[in-house]
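Worksheet: one structure, shown below.
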Amino acid sequence: MKLKLDLHDIYNRGDQIDRALRDIIQEAVRIKATEVEIIPGKGSGQLKKKVLRFLDQKEIKALYHRIDKDAKNHGRLFVYFRWK
């Protein structure tokens, strides 16, 4: 199962961005999703950096397997989960 989070609507609201990211990661763990697509958009890259900093937190990093940056569209990130 794949989940998708588009951050275009809340790009300038830091607290809502963190809440949305935390919610989508928790939902992925709850339903054992294999992939989460996060769309920070292209722009200046600040939102993408914020998302990557969030995903790099120790307690969040323990939940997922790896992150991929889309080679064809630098406005997308993929977070992959591995379940036993």
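FYI, nothing fancy with the structure tokens labels: chains A, B, ... in order, residues from 1 per chain, ligands from 1 as they appear.
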- Task: May I have all residues of chain A that DSSP, computed from the backbone, assigns to helix (DSSP H, G or I), given as an MDAnalysis selection string?
- Result: chainID A and resid 8:10 14:31 46:55 58:61
- What's the 6 Å shell around range 28-39 of chain A, counting only C-alpha atoms, without same-chain residues fewer than 4 positions away, as a PyMOL selection string? chain A and resi 1-7+75-81
Could you write those residues out with C-alpha atoms, as a PDB file, in the first residue's frame?
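The result, written out as part.pdb:
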ATOM      1  CA  MET A   1       0.000   0.000   0.000  1.00  0.00           C
ATOM      2  CA  LYS A   2       1.196   3.507  -0.829  1.00  0.00           C
ATOM      3  CA  LEU A   3       0.372   6.763   0.927  1.00  0.00           C
ATOM      4  CA  LYS A   4       0.763  10.268  -0.460  1.00  0.00           C
ATOM      5  CA  LEU A   5       1.274  13.644   1.259  1.00  0.00           C
ATOM      6  CA  ASP A   6       1.186  16.891  -0.714  1.00  0.00           C
ATOM      7  CA  LEU A   7       2.602  19.849   1.237  1.00  0.00           C
ATOM      8  CA  GLY A  75       9.988  17.997  -5.912  1.00  0.00           C
ATOM      9  CA  ARG A  76       9.190  14.470  -4.656  1.00  0.00           C
ATOM     10  CA  LEU A  77      10.550  12.168  -1.968  1.00  0.00           C
ATOM     11  CA  PHE A  78       9.783   8.509  -1.375  1.00  0.00           C
ATOM     12  CA  VAL A  79      10.002   6.941   2.077  1.00  0.00           C
ATOM     13  CA  TYR A  80      10.134   3.134   2.030  1.00  0.00           C
ATOM     14  CA  PHE A  81       9.189   0.799   4.865  1.00  0.00           C
TER      15      PHE A  81
END
Using DSSP on the backbone coordinates, identify all residues within chain A classified as strand (DSSP E or B); present the result as a PDB file with N, CA, C and O atoms, in the first residue's frame.
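Okay, this is what ended up in selection.pdb:
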ATOM      1  N   LYS A   2       0.449   2.253  -0.725  1.00  0.00           N
ATOM      2  CA  LYS A   2       1.196   3.507  -0.829  1.00  0.00           C
ATOM      3  C   LYS A   2       0.351   4.645  -0.262  1.00  0.00           C
ATOM      4  O   LYS A   2      -0.853   4.693  -0.447  1.00  0.00           O
ATOM      5  N   LEU A   3       1.018   5.559   0.424  1.00  0.00           N
ATOM      6  CA  LEU A   3       0.372   6.763   0.927  1.00  0.00           C
ATOM      7  C   LEU A   3       1.013   7.975   0.264  1.00  0.00           C
ATOM      8  O   LEU A   3       2.174   7.920  -0.158  1.00  0.00           O
ATOM      9  N   LYS A   4       0.265   9.074   0.213  1.00  0.00           N
ATOM     10  CA  LYS A   4       0.763  10.268  -0.460  1.00  0.00           C
ATOM     11  C   LYS A   4       0.460  11.494   0.390  1.00  0.00           C
ATOM     12  O   LYS A   4      -0.639  11.616   0.933  1.00  0.00           O
ATOM     13  N   LEU A   5       1.446  12.399   0.514  1.00  0.00           N
ATOM     14  CA  LEU A   5       1.274  13.644   1.259  1.00  0.00           C
ATOM     15  C   LEU A   5       1.762  14.799   0.399  1.00  0.00           C
ATOM     16  O   LEU A   5       2.932  14.848   0.031  1.00  0.00           O
ATOM     17  N   ASP A   6       0.856  15.706   0.080  1.00  0.00           N
ATOM     18  CA  ASP A   6       1.186  16.891  -0.714  1.00  0.00           C
ATOM     19  C   ASP A   6       1.244  18.091   0.224  1.00  0.00           C
ATOM     20  O   ASP A   6       0.254  18.423   0.879  1.00  0.00           O
ATOM     21  N   GLU A  35       5.241   2.250   1.167  1.00  0.00           N
ATOM     22  CA  GLU A  35       5.828   3.458   0.597  1.00  0.00           C
ATOM     23  C   GLU A  35       4.976   4.677   0.936  1.00  0.00           C
ATOM     24  O   GLU A  35       3.751   4.613   0.939  1.00  0.00           O
ATOM     25  N   VAL A  36       5.653   5.794   1.224  1.00  0.00           N
ATOM     26  CA  VAL A  36       4.987   7.080   1.396  1.00  0.00           C
ATOM     27  C   VAL A  36       5.632   8.055   0.420  1.00  0.00           C
ATOM     28  O   VAL A  36       6.855   8.202   0.400  1.00  0.00           O
ATOM     29  N   GLU A  37       4.810   8.692  -0.399  1.00  0.00           N
ATOM     30  CA  GLU A  37       5.298   9.713  -1.326  1.00  0.00           C
ATOM     31  C   GLU A  37       5.021  11.075  -0.696  1.00  0.00           C
ATOM     32  O   GLU A  37       3.885  11.390  -0.354  1.00  0.00           O
ATOM     33  N   ILE A  38       6.074  11.868  -0.519  1.00  0.00           N
ATOM     34  CA  ILE A  38       5.938  13.210   0.053  1.00  0.00           C
ATOM     35  C   ILE A  38       6.285  14.208  -1.042  1.00  0.00           C
ATOM     36  O   ILE A  38       7.341  14.114  -1.669  1.00  0.00           O
ATOM     37  N   ILE A  39       5.388  15.174  -1.254  1.00  0.00           N
ATOM     38  CA  ILE A  39       5.583  16.160  -2.311  1.00  0.00           C
ATOM     39  C   ILE A  39       5.773  17.540  -1.682  1.00  0.00           C
ATOM     40  O   ILE A  39       4.791  18.227  -1.379  1.00  0.00           O
ATOM     41  N   ARG A  66      14.312   3.334   4.138  1.00  0.00           N
ATOM     42  CA  ARG A  66      15.181   4.227   3.365  1.00  0.00           C
ATOM     43  C   ARG A  66      14.365   5.334   2.711  1.00  0.00           C
ATOM     44  O   ARG A  66      13.147   5.264   2.630  1.00  0.00           O
ATOM     45  N   ILE A  67      15.097   6.352   2.224  1.00  0.00           N
ATOM     46  CA  ILE A  67      14.488   7.482   1.516  1.00  0.00           C
ATOM     47  C   ILE A  67      15.091   7.538   0.120  1.00  0.00           C
ATOM     48  O   ILE A  67      16.296   7.345  -0.045  1.00  0.00           O
ATOM     49  N   ASP A  68      14.246   7.800  -0.868  1.00  0.00           N
ATOM     50  CA  ASP A  68      14.703   8.021  -2.240  1.00  0.00           C
ATOM     51  C   ASP A  68      14.231   9.386  -2.697  1.00  0.00           C
ATOM     52  O   ASP A  68      13.102   9.777  -2.419  1.00  0.00           O
ATOM     53  N   LYS A  69      15.091  10.087  -3.413  1.00  0.00           N
ATOM     54  CA  LYS A  69      14.704  11.333  -4.053  1.00  0.00           C
ATOM     55  C   LYS A  69      14.407  11.005  -5.511  1.00  0.00           C
ATOM     56  O   LYS A  69      15.173  10.290  -6.146  1.00  0.00           O
ATOM     57  N   LEU A  77       9.749  13.087  -2.773  1.00  0.00           N
ATOM     58  CA  LEU A  77      10.550  12.168  -1.968  1.00  0.00           C
ATOM     59  C   LEU A  77       9.739  10.896  -1.749  1.00  0.00           C
ATOM     60  O   LEU A  77       8.511  10.952  -1.630  1.00  0.00           O
ATOM     61  N   PHE A  78      10.429   9.781  -1.673  1.00  0.00           N
ATOM     62  CA  PHE A  78       9.783   8.509  -1.375  1.00  0.00           C
ATOM     63  C   PHE A  78      10.407   7.937  -0.109  1.00  0.00           C
ATOM     64  O   PHE A  78      11.625   7.856   0.004  1.00  0.00           O
ATOM     65  N   VAL A  79       9.562   7.563   0.841  1.00  0.00           N
ATOM     66  CA  VAL A  79      10.002   6.941   2.077  1.00  0.00           C
ATOM     67  C   VAL A  79       9.531   5.494   2.023  1.00  0.00           C
ATOM     68  O   VAL A  79       8.327   5.238   1.875  1.00  0.00           O
ATOM     69  N   TYR A  80      10.459   4.549   2.138  1.00  0.00           N
ATOM     70  CA  TYR A  80      10.134   3.134   2.030  1.00  0.00           C
ATOM     71  C   TYR A  80      10.204   2.455   3.403  1.00  0.00           C
ATOM     72  O   TYR A  80      11.083   2.760   4.205  1.00  0.00           O
TER      73      TYR A  80
END
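Of the residues listed (A:Arg22, A:Arg82, A:His74, A:Asp9), A:His74 shows the shortest atom-to-atom separation from Ser44 in chain A; distances use only C-alpha atoms.
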